[in-house]
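Taking it in order: structure first as structure tokens, then the write-up.
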Amino acid sequence: MLTREHFDVILAGGDLIDGSGSSRFVADVGILGDHVAAIGDLSDASADERLDVSGKVVAPGFIDAHTHDDRLLFADPAMKPKSSQGVTTVIVGNCGVSLAPFSAPGRPKPPLDLIFGLDPVRFPTFSGFLDAVDRQPAATNAAFLIGHQTVRVREVVDLNRPAEYDEILAMRSHVAEAMEAGAIGLSTGLFYPPARAATTDEVVALTEVAAAAGGLYATHLRDEGAKLLDSVKEALEIGRRTNAPVVLSHHKASGVANHGKVKESLPLIREARKSQKVALDVYPYIASSTVLLSERVADSSKVLITWSEPMPEAAGRDLAELAMEYQQSPIAMVSRLQPAGAIYFSMAEDDVREVISFEDVMIGSDGIPHDEKPHPRLWGTFPRILGYYVREVGLFSLEEAVRRMTSLPASVFGLKDRGCIREGAYADITIFNPETIIDSANFDSPTQPAEGILAVMTNGTFIWRNGKPTGARPGRALRLRDQVMPKN
Ligand code: ZN
Ligand code: CU
């Protein structure tokens, strides 16, 4: 007699959306240890736990392509803003800001202060950072970019000029150390004051090091407004000169005068993709969020304060109202609130839909987890795409949406055996109700878990169930050398 097959968990009778983009089909999924061991009719098999998921979608765990969760991995290892959305892997270190390598205590220059706490937790080397994640894992997996702004603030004496030769060498050695430790690439935030003076050549000099180790180049463009097209061209040039795959972060056209520009940037990207590797990500909102910057206030129809060190009570308030209350101009109010963060209503809904509809766009929340009153994208991005833009607006199929959240980012970031449900893949899985999934977080109440996410599993262990974290921390630090897919 055959021994009965036995699994740790069987997810029974769900609609399987495997991440490839192909149509859903009903199947049982058997999980053993950290991987998917069988897919099909497992009604004769036994399991420690058999979970009836009929009528629900079983999908690969979502990969958040753009996050600032570097320190959240330690500050909230349950990763509630992400696990509650079905996210099982986060890409950290974006916009040129990474937690490592950095050793100075106290509040670093904006925008580094978006992720650095005032606590003395500092990682002077990238390997020290990744080792700490190994020792204190979180609920989700993470893959890591090294940030140009972080190394620039550390090594460049005068940030208002291009880096000098020895400073470039020092920054290159940090990038080399990070790549050796397992970073998946370099990120820049050329829009931000600490990086603005960097020339294209300076960025090329650093990206070369990342590319030589197999890494990619992810960028918050120099200008997402009037010079959007020039900025896209600069990023593409950096990719061409270094042979690095390019990831254009949170693609948008910012400022009312620039609305509609994505209709020009997207064809430019589409054309470049014929001859070089280019990817992009988007979050599904018409407002952006970062540190409080007066130049961003000028091109926004409304500004909400997300945190303020001198005036904590301002978090959640409208800048214009505060300015009236204090009988000051909005710009004077901005200096009074500093250091601070803000949400800027600066995009057009048509543009947002245009970018979400681009054939190979990844979904990245760009959530800022340590803000007092954060942008709702932190808790709402993935369910908002699935519930609002897919179910309600009907931009594309659910299978296609899942592909953009799973196998697509896994292939862009080189995450081996993730982003798909097939035998042998890691059991990163999210189970949701396609009829009810929707974001709950909004600009008034930005930290509400989404509806319709039933259970989430990382590496075969449940991290979110019955509307709350399970307390398990099965996440891993995903290092490039372990991840790169065999080139064939
Ligand atoms: Zn950014
Ligand atoms: Cu960002």
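Residues in the structure tokens are numbered from 1 in each chain, the chains being A, B, ... in the order shown, and ligands are numbered from 1 in the order shown.
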To check your reading of the model: which residues sit at most 7 Å from ligand 2 when counting only C-alpha atoms and all ligand atoms? Write the answer as a ChimeraX atom specification. /A:66-68,94-95,220,366
Determine, counting only C-alpha atoms, which protein, DNA and RNA residues have an atom within 9 Å of an atom of region 324-332 of chain A; residues of the same chain fewer than 5 positions away are not included. Present the result as a short mmCIF file (atom, residue, chain, number, x, y, z; two decimals) with all heavy atoms, in the first residue's frame.
```
data_model
loop_
_atom_site.label_atom_id
_atom_site.label_comp_id
_atom_site.auth_asym_id
_atom_site.auth_seq_id
_atom_site.Cartn_x
_atom_site.Cartn_y
_atom_site.Cartn_z
N SER A 294 9.77 73.23 0.51
CA SER A 294 8.96 74.36 0.03
C SER A 294 8.70 74.28 -1.47
O SER A 294 7.64 74.66 -1.94
CB SER A 294 9.61 75.68 0.42
OG SER A 294 10.98 75.65 0.10
N VAL A 297 5.66 72.28 -2.09
CA VAL A 297 4.44 72.96 -1.66
C VAL A 297 3.89 73.79 -2.82
O VAL A 297 2.69 73.80 -3.09
CB VAL A 297 4.71 73.84 -0.42
CG1 VAL A 297 3.50 74.72 -0.10
CG2 VAL A 297 5.08 72.97 0.78
N ALA A 298 4.80 74.48 -3.52
CA ALA A 298 4.40 75.40 -4.58
C ALA A 298 3.59 74.72 -5.68
O ALA A 298 2.67 75.32 -6.22
CB ALA A 298 5.64 76.07 -5.17
N LEU A 319 -1.66 72.20 5.63
CA LEU A 319 -0.68 73.29 5.75
C LEU A 319 -1.34 74.66 5.61
O LEU A 319 -1.03 75.60 6.36
CB LEU A 319 0.43 73.13 4.70
CG LEU A 319 1.48 74.24 4.66
CD1 LEU A 319 2.35 74.24 5.92
CD2 LEU A 319 2.36 74.11 3.41
N LEU A 337 7.71 74.52 10.75
CA LEU A 337 7.42 73.10 11.01
C LEU A 337 8.65 72.20 10.91
O LEU A 337 8.66 71.08 11.39
CB LEU A 337 6.37 72.60 10.01
CG LEU A 337 4.95 73.13 10.18
CD1 LEU A 337 4.16 72.96 8.89
CD2 LEU A 337 4.24 72.41 11.33
#
```
Show me, as an MDAnalysis selection string, the residues that have an atom within 9 Å of Gly117 (chain A) when counting only C-alpha atoms, minus same-chain residues fewer than 5 positions from it. chainID A and resid 71 106:107 370
Just the residues within 12 Å of region 432-436 of chain A, please, counting only C-alpha atoms, with nothing from its chain fewer than 4 positions along; format it as an mmCIF file with C-alpha atoms, in the first residue's frame.
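Saved the output as out_25.cif:
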```
data_model
loop_
_atom_site.group_PDB
_atom_site.id
_atom_site.type_symbol
_atom_site.label_atom_id
_atom_site.label_comp_id
_atom_site.auth_asym_id
_atom_site.auth_seq_id
_atom_site.Cartn_x
_atom_site.Cartn_y
_atom_site.Cartn_z
ATOM 1 C CA GLY A 14 -9.025 27.742 -3.733
ATOM 2 C CA ASP A 15 -8.887 29.572 -7.046
ATOM 3 C CA LEU A 16 -5.188 29.425 -7.791
ATOM 4 C CA ILE A 17 -3.675 32.469 -9.516
ATOM 5 C CA ARG A 24 -7.066 30.957 -12.387
ATOM 6 C CA VAL A 53 -10.177 28.253 0.916
ATOM 7 C CA SER A 54 -12.900 27.556 -1.635
ATOM 8 C CA GLY A 55 -14.173 30.700 -3.320
ATOM 9 C CA LYS A 56 -10.982 32.518 -2.313
ATOM 10 C CA VAL A 57 -7.955 33.377 -4.400
ATOM 11 C CA VAL A 58 -4.651 31.729 -3.556
ATOM 12 C CA ALA A 59 -1.863 33.873 -5.030
ATOM 13 C CA PRO A 60 1.881 34.322 -4.584
ATOM 14 C CA GLY A 61 2.697 36.750 -1.765
ATOM 15 C CA PHE A 62 3.018 40.261 -3.148
ATOM 16 C CA SER A 84 -1.871 43.040 6.295
ATOM 17 C CA GLN A 85 -1.877 43.706 2.521
ATOM 18 C CA GLY A 86 -0.574 40.293 1.516
ATOM 19 C CA VAL A 87 2.994 41.479 0.970
ATOM 20 C CA PHE A 382 -1.997 46.473 -3.021
ATOM 21 C CA PRO A 383 -5.674 46.054 -2.014
ATOM 22 C CA ARG A 384 -6.418 49.405 -3.674
ATOM 23 C CA ILE A 385 -5.060 48.122 -6.988
ATOM 24 C CA LEU A 386 -6.954 44.826 -6.662
ATOM 25 C CA GLY A 387 -10.225 46.176 -5.267
ATOM 26 C CA TYR A 388 -10.483 49.605 -6.818
ATOM 27 C CA VAL A 390 -9.121 46.106 -11.033
ATOM 28 C CA ARG A 391 -12.550 45.138 -9.626
ATOM 29 C CA GLU A 392 -14.279 48.528 -9.681
ATOM 30 C CA SER A 397 -7.746 41.338 -15.108
ATOM 31 C CA LEU A 398 -7.063 40.129 -11.605
ATOM 32 C CA GLU A 399 -4.563 37.614 -12.999
ATOM 33 C CA ALA A 401 -2.687 42.539 -11.533
ATOM 34 C CA VAL A 402 -1.288 39.633 -9.533
ATOM 35 C CA SER A 440 -9.333 50.816 4.209
ATOM 36 C CA ALA A 450 -7.171 46.409 4.365
ATOM 37 C CA GLU A 451 -10.274 44.253 4.024
ATOM 38 C CA GLY A 452 -10.438 40.884 2.332
ATOM 39 C CA ILE A 453 -6.973 39.503 3.140
ATOM 40 C CA LEU A 454 -7.629 36.169 4.836
ATOM 41 C CA ALA A 455 -4.190 34.708 5.432
ATOM 42 C CA VAL A 456 -0.623 35.393 4.419
ATOM 43 C CA MET A 457 2.330 33.017 4.553
ATOM 44 C CA TRP A 464 -1.115 37.150 9.090
ATOM 45 C CA ARG A 465 -4.388 35.426 9.917
ATOM 46 C CA ASN A 466 -7.850 36.433 11.126
ATOM 47 C CA GLY A 467 -7.074 40.104 10.760
#
```
Could you name the residues that touch Glu313 (chain A) at 12 Å or less, counting only C-alpha atoms, but leaving out those on the same chain fewer than 3 positions away, as an NGL selection string? :A and (305-310 or 316-318 or 322 or 337 or 340 or 372-373)
Could the residues in this selection be saved with N, CA and C atoms as a short mmCIF file (atom, residue, chain, number, x, y, z; two decimals), in the first residue's frame?
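Listed below is the output, result.cif:
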```
data_model
loop_
_atom_site.label_atom_id
_atom_site.label_comp_id
_atom_site.auth_asym_id
_atom_site.auth_seq_id
_atom_site.Cartn_x
_atom_site.Cartn_y
_atom_site.Cartn_z
N ILE A 305 0.43 67.71 6.55
CA ILE A 305 1.64 67.44 7.33
C ILE A 305 1.57 66.02 7.88
N THR A 306 2.66 65.24 7.69
CA THR A 306 2.67 63.85 8.20
C THR A 306 3.40 63.74 9.54
N TRP A 307 4.31 64.66 9.81
CA TRP A 307 4.98 64.72 11.11
C TRP A 307 5.73 66.04 11.16
N SER A 308 6.02 66.49 12.37
CA SER A 308 6.83 67.69 12.54
C SER A 308 7.52 67.58 13.89
N GLU A 309 8.81 67.77 13.88
CA GLU A 309 9.52 67.64 15.15
C GLU A 309 9.16 68.77 16.12
N PRO A 310 9.23 70.06 15.71
CA PRO A 310 8.88 71.10 16.68
C PRO A 310 7.39 71.19 16.98
N GLY A 316 -1.15 65.42 10.41
CA GLY A 316 -2.52 65.22 9.95
C GLY A 316 -3.20 66.51 9.53
N ARG A 317 -2.59 67.66 9.80
CA ARG A 317 -3.23 68.94 9.51
C ARG A 317 -2.88 69.45 8.10
N ASP A 318 -3.77 70.27 7.58
CA ASP A 318 -3.60 70.91 6.28
C ASP A 318 -2.68 72.12 6.45
N LEU A 322 -3.09 75.57 8.82
CA LEU A 322 -2.11 75.90 9.85
C LEU A 322 -1.57 77.32 9.63
N LEU A 337 7.71 74.52 10.75
CA LEU A 337 7.42 73.10 11.01
C LEU A 337 8.65 72.20 10.91
N ALA A 340 10.22 68.15 9.10
CA ALA A 340 8.84 67.66 8.99
C ALA A 340 8.67 66.85 7.72
N GLU A 372 4.15 60.00 11.58
CA GLU A 372 3.07 60.06 12.57
C GLU A 372 1.72 59.80 11.89
N LYS A 373 1.43 60.51 10.83
CA LYS A 373 0.19 60.36 10.05
C LYS A 373 0.60 60.09 8.61
#
```
Please list as a CSV table (one decimal) with all heavy atoms, in the first residue's frame every residue within 12 Å of Tyr389 (chain A), counting only C-alpha atoms and excluding residues in the same chain fewer than 4 positions away.
```
chain,number,residue,atom,x,y,z
A,283,TYR,N,2.5,53.8,-7.5
A,283,TYR,CA,1.6,53.6,-6.4
A,283,TYR,C,0.3,54.3,-6.8
A,283,TYR,O,0.3,55.3,-7.5
A,283,TYR,CB,2.1,54.1,-5.0
A,283,TYR,CG,2.6,55.5,-5.0
A,283,TYR,CD1,1.7,56.6,-4.9
A,283,TYR,CD2,4.0,55.8,-5.0
A,283,TYR,CE1,2.2,57.9,-4.9
A,283,TYR,CE2,4.5,57.1,-5.0
A,283,TYR,CZ,3.6,58.1,-4.9
A,283,TYR,OH,4.1,59.4,-4.9
A,284,PRO,N,-0.9,53.7,-6.4
A,284,PRO,CA,-2.2,54.1,-6.9
A,284,PRO,C,-2.8,55.3,-6.2
A,284,PRO,O,-4.0,55.1,-5.7
A,284,PRO,CB,-3.0,52.8,-6.8
A,284,PRO,CG,-2.4,52.2,-5.5
A,284,PRO,CD,-1.0,52.5,-5.4
A,285,TYR,N,-2.2,56.4,-6.2
A,285,TYR,CA,-2.8,57.6,-5.5
A,285,TYR,C,-2.3,58.9,-6.3
A,285,TYR,O,-1.3,58.9,-7.0
A,285,TYR,CB,-2.2,57.7,-4.1
A,285,TYR,CG,-2.6,56.6,-3.2
A,285,TYR,CD1,-1.8,55.4,-3.1
A,285,TYR,CD2,-3.8,56.7,-2.4
A,285,TYR,CE1,-2.2,54.4,-2.3
A,285,TYR,CE2,-4.1,55.6,-1.6
A,285,TYR,CZ,-3.3,54.5,-1.5
A,285,TYR,OH,-3.7,53.4,-0.7
A,349,GLU,N,-5.4,62.1,-11.9
A,349,GLU,CA,-5.9,60.8,-11.9
A,349,GLU,C,-5.7,60.1,-13.2
A,349,GLU,O,-5.4,58.9,-13.3
A,349,GLU,CB,-7.4,60.8,-11.5
A,349,GLU,CG,-8.1,59.4,-11.5
A,349,GLU,CD,-7.7,58.5,-10.4
A,349,GLU,OE1,-7.1,58.9,-9.4
A,349,GLU,OE2,-7.8,57.2,-10.7
A,352,VAL,N,-2.2,58.8,-13.4
A,352,VAL,CA,-2.0,57.7,-12.5
A,352,VAL,C,-2.5,56.4,-13.2
A,352,VAL,O,-1.9,55.4,-13.2
A,352,VAL,CB,-2.7,57.9,-11.1
A,352,VAL,CG1,-2.7,56.6,-10.3
A,352,VAL,CG2,-2.1,59.0,-10.4
A,353,ARG,N,-3.7,56.5,-13.8
A,353,ARG,CA,-4.3,55.3,-14.5
A,353,ARG,C,-3.5,54.9,-15.7
A,353,ARG,O,-3.3,53.8,-16.0
A,353,ARG,CB,-5.7,55.6,-14.9
A,353,ARG,CG,-6.6,55.7,-13.8
A,353,ARG,CD,-8.1,55.9,-14.2
A,353,ARG,NE,-8.9,56.1,-13.0
A,353,ARG,CZ,-10.2,56.0,-12.9
A,353,ARG,NH1,-10.9,55.7,-14.0
A,353,ARG,NH2,-10.8,56.2,-11.8
A,354,GLU,N,-2.9,56.0,-16.4
A,354,GLU,CA,-2.1,55.7,-17.5
A,354,GLU,C,-0.9,54.9,-17.1
A,354,GLU,O,-0.5,53.9,-17.8
A,354,GLU,CB,-1.6,57.1,-18.1
A,354,GLU,CG,-1.0,57.0,-19.5
A,354,GLU,CD,-2.1,57.0,-20.6
A,354,GLU,OE1,-3.2,57.5,-20.4
A,354,GLU,OE2,-1.7,56.5,-21.7
A,355,VAL,N,-0.2,55.2,-16.0
A,355,VAL,CA,1.0,54.5,-15.6
A,355,VAL,C,0.6,53.1,-15.1
A,355,VAL,O,1.3,52.1,-15.4
A,355,VAL,CB,1.7,55.3,-14.5
A,355,VAL,CG1,3.0,54.5,-14.0
A,355,VAL,CG2,2.1,56.7,-15.0
A,356,ILE,N,-0.5,53.0,-14.3
A,356,ILE,CA,-0.9,51.7,-13.8
A,356,ILE,C,-1.2,50.8,-15.0
A,356,ILE,O,-1.0,49.6,-14.9
A,356,ILE,CB,-2.2,51.8,-12.9
A,356,ILE,CG1,-1.8,52.6,-11.6
A,356,ILE,CG2,-2.7,50.5,-12.5
A,356,ILE,CD1,-3.0,52.9,-10.7
A,357,SER,N,-1.7,51.3,-16.1
A,357,SER,CA,-2.0,50.5,-17.2
A,357,SER,C,-0.8,50.1,-18.1
A,357,SER,O,-1.0,49.3,-19.0
A,357,SER,CB,-3.1,51.3,-18.1
A,357,SER,OG,-4.2,51.6,-17.3
A,381,THR,N,-1.9,50.2,-0.6
A,381,THR,CA,-1.5,50.1,-2.0
A,381,THR,C,-2.0,48.9,-2.8
A,381,THR,O,-2.7,49.0,-3.8
A,381,THR,CB,0.0,50.2,-2.2
A,381,THR,OG1,0.4,51.6,-1.9
A,381,THR,CG2,0.5,49.9,-3.6
A,382,PHE,N,-1.7,47.7,-2.3
A,382,PHE,CA,-2.0,46.5,-3.0
A,382,PHE,C,-3.5,46.2,-3.1
A,382,PHE,O,-4.0,46.0,-4.2
A,382,PHE,CB,-1.2,45.3,-2.5
A,382,PHE,CG,0.3,45.5,-2.8
A,382,PHE,CD1,1.1,46.3,-2.1
A,382,PHE,CD2,0.8,44.8,-3.9
A,382,PHE,CE1,2.5,46.5,-2.4
A,382,PHE,CE2,2.2,45.0,-4.3
A,382,PHE,CZ,3.0,45.8,-3.5
A,383,PRO,N,-4.2,46.2,-1.9
A,383,PRO,CA,-5.7,46.1,-2.0
A,383,PRO,C,-6.4,47.1,-2.8
A,383,PRO,O,-7.4,46.9,-3.4
A,383,PRO,CB,-6.1,46.1,-0.5
A,383,PRO,CG,-4.9,45.7,0.2
A,383,PRO,CD,-3.7,46.3,-0.5
A,384,ARG,N,-5.8,48.3,-2.9
A,384,ARG,CA,-6.4,49.4,-3.7
A,384,ARG,C,-6.3,49.1,-5.2
A,384,ARG,O,-7.2,49.3,-5.9
A,384,ARG,CB,-5.7,50.7,-3.4
A,384,ARG,CG,-6.4,51.9,-4.1
A,384,ARG,CD,-5.8,53.2,-3.6
A,384,ARG,NE,-6.2,54.4,-4.4
A,384,ARG,CZ,-7.3,54.9,-4.4
A,384,ARG,NH1,-8.3,54.5,-3.6
A,384,ARG,NH2,-7.6,56.0,-5.1
A,385,ILE,N,-5.2,48.6,-5.6
A,385,ILE,CA,-5.1,48.1,-7.0
A,385,ILE,C,-6.1,47.0,-7.3
A,385,ILE,O,-6.8,47.1,-8.2
A,385,ILE,CB,-3.6,47.6,-7.3
A,385,ILE,CG1,-2.6,48.7,-7.2
A,385,ILE,CG2,-3.6,46.9,-8.6
A,385,ILE,CD1,-2.4,49.6,-8.4
A,393,VAL,N,-12.9,49.7,-11.3
A,393,VAL,CA,-12.6,50.5,-12.5
A,393,VAL,C,-12.4,49.5,-13.7
A,393,VAL,O,-12.8,49.9,-14.8
A,393,VAL,CB,-11.4,51.4,-12.3
A,393,VAL,CG1,-11.1,52.2,-13.6
A,393,VAL,CG2,-11.6,52.3,-11.1
A,394,GLY,N,-11.8,48.3,-13.4
A,394,GLY,CA,-11.7,47.4,-14.5
A,394,GLY,C,-10.5,47.7,-15.5
A,394,GLY,O,-10.6,47.4,-16.7
A,395,LEU,N,-9.4,48.2,-14.9
A,395,LEU,CA,-8.3,48.5,-15.8
A,395,LEU,C,-7.7,47.3,-16.5
A,395,LEU,O,-7.3,47.3,-17.6
A,395,LEU,CB,-7.2,49.2,-15.0
A,395,LEU,CG,-7.5,50.7,-14.6
A,395,LEU,CD1,-6.2,51.3,-14.0
A,395,LEU,CD2,-8.0,51.5,-15.8
A,396,PHE,N,-7.6,46.1,-15.8
A,396,PHE,CA,-7.2,44.9,-16.4
A,396,PHE,C,-7.6,43.7,-15.5
A,396,PHE,O,-8.3,44.0,-14.4
A,396,PHE,CB,-5.6,44.8,-16.6
A,396,PHE,CG,-4.8,45.5,-15.6
A,396,PHE,CD1,-4.6,44.9,-14.3
A,396,PHE,CD2,-4.3,46.8,-15.8
A,396,PHE,CE1,-3.8,45.6,-13.4
A,396,PHE,CE2,-3.5,47.5,-14.8
A,396,PHE,CZ,-3.3,46.8,-13.6
A,397,SER,N,-7.3,42.5,-15.9
A,397,SER,CA,-7.7,41.3,-15.1
A,397,SER,C,-7.0,41.2,-13.8
A,397,SER,O,-5.9,41.7,-13.6
A,397,SER,CB,-7.6,40.1,-15.9
A,397,SER,OG,-6.2,39.8,-16.0
A,398,LEU,N,-7.7,40.4,-12.9
A,398,LEU,CA,-7.1,40.1,-11.6
A,398,LEU,C,-5.8,39.3,-11.8
A,398,LEU,O,-4.8,39.6,-11.1
A,398,LEU,CB,-8.1,39.3,-10.8
A,398,LEU,CG,-7.7,39.0,-9.3
A,398,LEU,CD1,-7.5,40.3,-8.6
A,398,LEU,CD2,-8.9,38.3,-8.7
A,400,GLU,N,-3.7,39.5,-14.2
A,400,GLU,CA,-2.7,40.4,-14.7
A,400,GLU,C,-2.2,41.3,-13.5
A,400,GLU,O,-1.0,41.5,-13.4
A,400,GLU,CB,-3.2,41.3,-15.8
A,400,GLU,CG,-2.3,42.4,-16.4
A,400,GLU,CD,-1.0,41.8,-16.9
A,400,GLU,OE1,-0.8,40.6,-17.2
A,400,GLU,OE2,0.0,42.7,-17.1
A,401,ALA,N,-3.1,41.7,-12.7
A,401,ALA,CA,-2.7,42.5,-11.5
A,401,ALA,C,-1.8,41.7,-10.6
A,401,ALA,O,-0.7,42.2,-10.2
A,401,ALA,CB,-3.9,43.0,-10.8
A,437,ILE,N,-11.9,42.4,-1.3
A,437,ILE,CA,-10.6,43.0,-1.1
A,437,ILE,C,-10.6,44.5,-1.4
A,437,ILE,O,-11.1,44.9,-2.5
A,437,ILE,CB,-9.4,42.3,-1.8
A,437,ILE,CG1,-8.1,42.8,-1.3
A,437,ILE,CG2,-9.5,42.3,-3.3
A,437,ILE,CD1,-6.9,42.0,-1.7
A,438,ILE,N,-10.2,45.3,-0.5
A,438,ILE,CA,-10.2,46.8,-0.7
A,438,ILE,C,-9.3,47.5,0.4
A,438,ILE,O,-9.2,46.9,1.5
A,438,ILE,CB,-11.6,47.4,-0.7
A,438,ILE,CG1,-11.7,48.8,-1.3
A,438,ILE,CG2,-12.3,47.4,0.7
A,438,ILE,CD1,-11.5,48.9,-2.8
A,439,ASP,N,-8.7,48.6,0.0
A,439,ASP,CA,-8.0,49.3,1.0
A,439,ASP,C,-8.9,50.0,2.0
A,439,ASP,O,-10.0,50.5,1.6
A,439,ASP,CB,-7.1,50.4,0.3
A,439,ASP,CG,-7.9,51.3,-0.7
A,439,ASP,OD1,-8.7,50.7,-1.5
A,439,ASP,OD2,-7.7,52.5,-0.6
```
To one decimal place in Å, what is the distance between CA of Ser265 (chain A) and CA of Pro376 (chain A)? 26.1 Å
One number please: CA of Asp131 (chain A) to CA of Ser411 (chain A), in Å, one decimal.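 A separation of 24.7 Å between them.
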Could you please write out, as a list in words, every residue of region 351-446 of chain A that DSSP assigns to alpha helix (DSSP H)?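 Result set for region 351-446 of chain A (alpha helix (DSSP H)): Asp351, Val352, Arg353, Glu354, Val355, Ile356, Arg377, Leu378, Trp379, Gly380, Thr381, Phe382, Pro383, Leu398, Glu399, Glu400, Ala401, Val402, Arg403, Arg404, Met405, Ser407, Leu408, Pro409, Ala410, Ser411, Val412 and Phe413 of chain A.
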Atom-to-atom span, CA of Asp44 (chain A) and CA of Ala472 (chain A), Å: 29.2 Å
